[in-house]
Amino acid sequence: MFGRTDDLSLSRRGFLVGSAAASAGLLSPVPASAAVDEVMLRGIAYRELSRHRATIWLRDTVGIADFSRPSWEPRFFLIDMVGGQVKPFLVTHGRGSDPAHEGWLHSFSNTPNSEASSRGAYVTHTWYQGKYGTSLRLSGLDHDNSNAEARAIVCHGAWYANPDMIGKWGKLGRSEGCFAFPEANLMEIIARLGPARQHIADKL
């Protein structure tokens, strides 16, 4: 997974296929053709909580962004580590990760001014009022996202992440590397995810 180390890689094909079919009916925003493998997501969450056990203080909820999915599909998942529920949301990727604005993340970058998304595990910090209103600070925990604070990579709401963008353009807009969510969903997401919880981004 993070840093492209083979022993940490996870693939949908490496988990129980049957769980995807079982979850399809529970996650109605996700089309059946893009069914969510909840077993895989929970496995990643448990593994990353263990890997960062000294840093993540609150372990009741984990957020995972699966950037192998296009921006017109819900691809950010809040995982209830107590009850096991998985709830999907729309989320943008950075314009530097998709220069032609095709709706797919093509590459990650940790480089300042790249305006790209970074892969890796993050820890959530405090809320603050920024350009897009209430936002949630993030710190990168891996080599591939170590510049998250310097790049001001945060979670925030944005008009270009709203579902009506898909109806107009067939995809969401792009951020400057931040995790931008639909404005109507932002407060639920950051209330459940921060601070001192784990946030993960990768192509799963």
# chains A, B, ... in the order shown; residues from 1 in each chain; ligands from 1
$ residues_around --residues "range 97-111 of chain A" --least-positions-apart "2" --cutoff "9 Å" --atoms "only C-alpha atoms" --output "PDB file with N, CA, C and O atoms, in the first residue's frame"
ATOM      1  N   PHE A  67      -9.166   5.923  -4.126  1.00  0.00           N
ATOM      2  CA  PHE A  67      -9.005   6.682  -5.350  1.00  0.00           C
ATOM      3  C   PHE A  67      -8.810   5.808  -6.590  1.00  0.00           C
ATOM      4  O   PHE A  67      -8.452   6.325  -7.647  1.00  0.00           O
ATOM      5  N   SER A  68      -9.057   4.520  -6.469  1.00  0.00           N
ATOM      6  CA  SER A  68      -9.149   3.698  -7.679  1.00  0.00           C
ATOM      7  C   SER A  68     -10.506   3.895  -8.347  1.00  0.00           C
ATOM      8  O   SER A  68     -10.701   3.504  -9.500  1.00  0.00           O
ATOM      9  N   ARG A  69     -11.437   4.528  -7.646  1.00  0.00           N
ATOM     10  CA  ARG A  69     -12.774   4.799  -8.164  1.00  0.00           C
ATOM     11  C   ARG A  69     -12.816   6.201  -8.781  1.00  0.00           C
ATOM     12  O   ARG A  69     -12.086   7.098  -8.349  1.00  0.00           O
ATOM     13  N   PRO A  70     -13.699   6.427  -9.757  1.00  0.00           N
ATOM     14  CA  PRO A  70     -13.824   7.755 -10.361  1.00  0.00           C
ATOM     15  C   PRO A  70     -14.563   8.718  -9.442  1.00  0.00           C
ATOM     16  O   PRO A  70     -15.250   8.308  -8.500  1.00  0.00           O
ATOM     17  N   SER A  71     -14.459  10.009  -9.743  1.00  0.00           N
ATOM     18  CA  SER A  71     -15.039  11.012  -8.854  1.00  0.00           C
ATOM     19  C   SER A  71     -16.558  11.041  -8.883  1.00  0.00           C
ATOM     20  O   SER A  71     -17.177  11.643  -8.003  1.00  0.00           O
ATOM     21  N   TRP A  72     -17.175  10.409  -9.879  1.00  0.00           N
ATOM     22  CA  TRP A  72     -18.643  10.387  -9.918  1.00  0.00           C
ATOM     23  C   TRP A  72     -19.233   9.272  -9.061  1.00  0.00           C
ATOM     24  O   TRP A  72     -20.443   9.147  -8.964  1.00  0.00           O
ATOM     25  N   THR A  92     -13.485  14.686  -3.698  1.00  0.00           N
ATOM     26  CA  THR A  92     -12.688  15.076  -4.848  1.00  0.00           C
ATOM     27  C   THR A  92     -11.248  14.581  -4.726  1.00  0.00           C
ATOM     28  O   THR A  92     -10.796  14.180  -3.653  1.00  0.00           O
ATOM     29  N   HIS A  93     -10.518  14.659  -5.845  1.00  0.00           N
ATOM     30  CA  HIS A  93      -9.065  14.519  -5.813  1.00  0.00           C
ATOM     31  C   HIS A  93      -8.448  15.813  -6.342  1.00  0.00           C
ATOM     32  O   HIS A  93      -9.138  16.697  -6.826  1.00  0.00           O
ATOM     33  N   GLY A  94      -7.113  15.912  -6.256  1.00  0.00           N
ATOM     34  CA  GLY A  94      -6.420  17.125  -6.659  1.00  0.00           C
ATOM     35  C   GLY A  94      -6.280  17.249  -8.170  1.00  0.00           C
ATOM     36  O   GLY A  94      -6.146  16.247  -8.873  1.00  0.00           O
ATOM     37  N   ARG A  95      -6.267  18.480  -8.645  1.00  0.00           N
ATOM     38  CA  ARG A  95      -6.155  18.701 -10.089  1.00  0.00           C
ATOM     39  C   ARG A  95      -4.807  18.231 -10.627  1.00  0.00           C
ATOM     40  O   ARG A  95      -4.698  17.826 -11.782  1.00  0.00           O
ATOM     41  N   ASN A 113       3.123  22.492  -4.111  1.00  0.00           N
ATOM     42  CA  ASN A 113       2.632  23.169  -5.319  1.00  0.00           C
ATOM     43  C   ASN A 113       2.235  22.222  -6.447  1.00  0.00           C
ATOM     44  O   ASN A 113       1.929  22.687  -7.545  1.00  0.00           O
ATOM     45  N   SER A 114       2.212  20.925  -6.185  1.00  0.00           N
ATOM     46  CA  SER A 114       1.792  19.964  -7.221  1.00  0.00           C
ATOM     47  C   SER A 114       0.280  19.967  -7.414  1.00  0.00           C
ATOM     48  O   SER A 114      -0.213  19.524  -8.455  1.00  0.00           O
ATOM     49  N   GLU A 115      -0.466  20.438  -6.420  1.00  0.00           N
ATOM     50  CA  GLU A 115      -1.934  20.426  -6.427  1.00  0.00           C
ATOM     51  C   GLU A 115      -2.482  19.015  -6.637  1.00  0.00           C
ATOM     52  O   GLU A 115      -3.585  18.828  -7.144  1.00  0.00           O
ATOM     53  N   ALA A 116      -1.705  18.019  -6.230  1.00  0.00           N
ATOM     54  CA  ALA A 116      -2.099  16.615  -6.376  1.00  0.00           C
ATOM     55  C   ALA A 116      -2.524  16.038  -5.037  1.00  0.00           C
ATOM     56  O   ALA A 116      -2.181  16.562  -3.974  1.00  0.00           O
ATOM     57  N   SER A 117      -3.258  14.945  -5.096  1.00  0.00           N
ATOM     58  CA  SER A 117      -3.584  14.177  -3.902  1.00  0.00           C
ATOM     59  C   SER A 117      -2.366  13.366  -3.483  1.00  0.00           C
ATOM     60  O   SER A 117      -1.555  12.959  -4.319  1.00  0.00           O
ATOM     61  N   SER A 118      -2.247  13.129  -2.179  1.00  0.00           N
ATOM     62  CA  SER A 118      -1.171  12.301  -1.643  1.00  0.00           C
ATOM     63  C   SER A 118      -1.756  11.031  -1.046  1.00  0.00           C
ATOM     64  O   SER A 118      -2.805  11.066  -0.402  1.00  0.00           O
ATOM     65  N   ARG A 119      -1.054   9.916  -1.246  1.00  0.00           N
ATOM     66  CA  ARG A 119      -1.482   8.663  -0.643  1.00  0.00           C
ATOM     67  C   ARG A 119      -0.868   8.516   0.736  1.00  0.00           C
ATOM     68  O   ARG A 119       0.128   9.130   1.059  1.00  0.00           O
ATOM     69  N   HIS A 143       5.766   8.486   4.386  1.00  0.00           N
ATOM     70  CA  HIS A 143       6.697   9.195   3.517  1.00  0.00           C
ATOM     71  C   HIS A 143       5.976   9.851   2.345  1.00  0.00           C
ATOM     72  O   HIS A 143       6.346  10.946   1.915  1.00  0.00           O
ATOM     73  N   ASP A 144       4.937   9.198   1.846  1.00  0.00           N
ATOM     74  CA  ASP A 144       4.233   9.691   0.665  1.00  0.00           C
ATOM     75  C   ASP A 144       3.298  10.858   0.945  1.00  0.00           C
ATOM     76  O   ASP A 144       2.762  11.446   0.007  1.00  0.00           O
ATOM     77  N   ASN A 145       3.054  11.191   2.220  1.00  0.00           N
ATOM     78  CA  ASN A 145       2.195  12.345   2.526  1.00  0.00           C
ATOM     79  C   ASN A 145       2.779  13.210   3.645  1.00  0.00           C
ATOM     80  O   ASN A 145       2.062  13.930   4.326  1.00  0.00           O
ATOM     81  N   SER A 146       4.091  13.155   3.795  1.00  0.00           N
ATOM     82  CA  SER A 146       4.759  13.854   4.892  1.00  0.00           C
ATOM     83  C   SER A 146       4.647  15.373   4.797  1.00  0.00           C
ATOM     84  O   SER A 146       4.866  16.075   5.786  1.00  0.00           O
ATOM     85  N   ASN A 147       4.327  15.899   3.623  1.00  0.00           N
ATOM     86  CA  ASN A 147       4.207  17.348   3.442  1.00  0.00           C
ATOM     87  C   ASN A 147       2.770  17.848   3.575  1.00  0.00           C
ATOM     88  O   ASN A 147       2.481  18.988   3.189  1.00  0.00           O
ATOM     89  N   ALA A 148       1.885  17.013   4.101  1.00  0.00           N
ATOM     90  CA  ALA A 148       0.465  17.397   4.143  1.00  0.00           C
ATOM     91  C   ALA A 148       0.238  18.716   4.869  1.00  0.00           C
ATOM     92  O   ALA A 148      -0.505  19.579   4.391  1.00  0.00           O
ATOM     93  N   ARG A 151       1.619  21.658   2.897  1.00  0.00           N
ATOM     94  CA  ARG A 151       0.800  21.893   1.707  1.00  0.00           C
ATOM     95  C   ARG A 151      -0.619  22.323   2.067  1.00  0.00           C
ATOM     96  O   ARG A 151      -1.424  22.586   1.174  1.00  0.00           O
ATOM     97  N   GLY A 170     -20.848  15.202 -15.283  1.00  0.00           N
ATOM     98  CA  GLY A 170     -20.515  13.779 -15.259  1.00  0.00           C
ATOM     99  C   GLY A 170     -19.409  13.433 -14.285  1.00  0.00           C
ATOM    100  O   GLY A 170     -18.982  12.272 -14.217  1.00  0.00           O
ATOM    101  N   LYS A 171     -18.954  14.391 -13.486  1.00  0.00           N
ATOM    102  CA  LYS A 171     -17.869  14.172 -12.533  1.00  0.00           C
ATOM    103  C   LYS A 171     -17.815  15.362 -11.583  1.00  0.00           C
ATOM    104  O   LYS A 171     -18.441  16.399 -11.836  1.00  0.00           O
ATOM    105  N   LEU A 172     -17.067  15.209 -10.495  1.00  0.00           N
ATOM    106  CA  LEU A 172     -16.864  16.314  -9.572  1.00  0.00           C
ATOM    107  C   LEU A 172     -15.769  17.239 -10.090  1.00  0.00           C
ATOM    108  O   LEU A 172     -14.991  16.877 -10.977  1.00  0.00           O
ATOM    109  N   GLY A 173     -15.696  18.417  -9.504  1.00  0.00           N
ATOM    110  CA  GLY A 173     -14.555  19.281  -9.749  1.00  0.00           C
ATOM    111  C   GLY A 173     -13.331  18.741  -9.038  1.00  0.00           C
ATOM    112  O   GLY A 173     -13.363  17.666  -8.429  1.00  0.00           O
ATOM    113  N   ARG A 174     -12.238  19.501  -9.108  1.00  0.00           N
ATOM    114  CA  ARG A 174     -10.983  19.068  -8.504  1.00  0.00           C
ATOM    115  C   ARG A 174     -10.531  20.081  -7.459  1.00  0.00           C
ATOM    116  O   ARG A 174     -10.782  21.276  -7.589  1.00  0.00           O
ATOM    117  N   GLY A 177      -5.563  19.421  -3.924  1.00  0.00           N
ATOM    118  CA  GLY A 177      -4.960  18.322  -3.179  1.00  0.00           C
ATOM    119  C   GLY A 177      -5.719  17.985  -1.916  1.00  0.00           C
ATOM    120  O   GLY A 177      -5.486  16.937  -1.301  1.00  0.00           O
ATOM    121  N   ASP A 202      -5.637   6.043  -0.768  1.00  0.00           N
ATOM    122  CA  ASP A 202      -4.808   5.218  -1.650  1.00  0.00           C
ATOM    123  C   ASP A 202      -5.682   4.746  -2.801  1.00  0.00           C
ATOM    124  O   ASP A 202      -6.890   5.004  -2.842  1.00  0.00           O
ATOM    125  N   LYS A 203      -5.074   4.043  -3.747  1.00  0.00           N
ATOM    126  CA  LYS A 203      -5.819   3.275  -4.741  1.00  0.00           C
ATOM    127  C   LYS A 203      -5.901   1.855  -4.230  1.00  0.00           C
ATOM    128  O   LYS A 203      -4.884   1.173  -4.130  1.00  0.00           O
TER     129      LYS A 203
END
$ residues_around --residues "range 76-79 of chain A" --least-positions-apart "4" --cutoff "6 Å" --atoms "only C-alpha atoms" --output "list in words"
Thr61, Val62, Gly63, Ile64, Ala65, Gln85, Val86, Lys87, Pro88 and Phe89 of chain A
$ atom_distance --atom1 "CA of Leu141 in chain A" --atom2 "CA of Thr124 in chain A"
10.5 Å
$ select_by_dssp --residues "range 8-202 of chain A" --states "alpha helix (DSSP H)" --output "ChimeraX atom specification"
/A:18-24,38-51,164-169,186-193
$ write_last_selection --atoms "C-alpha atoms" --output "mmCIF file, in the first residue's frame"
data_model
loop_
_atom_site.group_PDB
_atom_site.id
_atom_site.type_symbol
_atom_site.label_atom_id
_atom_site.label_comp_id
_atom_site.auth_asym_id
_atom_site.auth_seq_id
_atom_site.Cartn_x
_atom_site.Cartn_y
_atom_site.Cartn_z
ATOM 1 C CA GLY A 18 -19.120 -12.434 -1.612
ATOM 2 C CA SER A 19 -18.977 -9.493 0.786
ATOM 3 C CA ALA A 20 -19.217 -7.070 -2.113
ATOM 4 C CA ALA A 21 -22.535 -8.495 -3.216
ATOM 5 C CA ALA A 22 -23.824 -8.457 0.332
ATOM 6 C CA SER A 23 -22.938 -4.806 0.777
ATOM 7 C CA ALA A 24 -24.374 -3.594 -2.530
ATOM 8 C CA GLU A 38 -16.631 -3.888 3.356
ATOM 9 C CA VAL A 39 -14.373 -6.740 4.484
ATOM 10 C CA MET A 40 -11.480 -5.167 2.608
ATOM 11 C CA LEU A 41 -12.162 -1.707 4.028
ATOM 12 C CA ARG A 42 -12.390 -2.942 7.602
ATOM 13 C CA GLY A 43 -9.213 -4.981 7.094
ATOM 14 C CA ILE A 44 -7.321 -1.891 5.920
ATOM 15 C CA ALA A 45 -8.689 0.137 8.824
ATOM 16 C CA TYR A 46 -7.628 -2.433 11.439
ATOM 17 C CA ARG A 47 -4.199 -2.840 9.882
ATOM 18 C CA GLU A 48 -3.499 0.886 9.704
ATOM 19 C CA LEU A 49 -4.736 1.474 13.242
ATOM 20 C CA SER A 50 -2.279 -1.183 14.362
ATOM 21 C CA ARG A 51 0.540 0.313 12.299
ATOM 22 C CA ASP A 164 -25.188 18.356 -8.872
ATOM 23 C CA MET A 165 -21.754 18.611 -10.494
ATOM 24 C CA ILE A 166 -22.146 15.012 -11.626
ATOM 25 C CA GLY A 167 -25.484 15.815 -13.234
ATOM 26 C CA LYS A 168 -23.979 18.792 -15.083
ATOM 27 C CA TRP A 169 -20.521 17.516 -15.981
ATOM 28 C CA LEU A 186 -19.149 17.938 5.600
ATOM 29 C CA MET A 187 -20.302 18.391 9.195
ATOM 30 C CA GLU A 188 -21.202 14.724 9.584
ATOM 31 C CA ILE A 189 -17.845 13.673 8.181
ATOM 32 C CA ILE A 190 -15.633 15.927 10.264
ATOM 33 C CA ALA A 191 -17.710 15.440 13.412
ATOM 34 C CA ARG A 192 -17.228 11.685 13.176
ATOM 35 C CA LEU A 193 -13.659 11.716 11.890
#
$ closest_residue --among "A:Cys155, A:Val123, A:Ala184, A:Leu136" --to "His52 in chain A" --atoms "only C-alpha atoms"
A:Val123
$ atom_distance --atom1 "CA of Leu204 in chain A" --atom2 "CA of Trp127 in chain A"
27.8 Å
$ closest_residue --among "A:Val91, A:Ala35, A:Val82, A:Ala121" --to "Trp159 in chain A" --atoms "only C-alpha atoms"
A:Val91
$ atom_distance --atom1 "CA of Met81 in chain A" --atom2 "CA of Gly140 in chain A"
21.2 Å
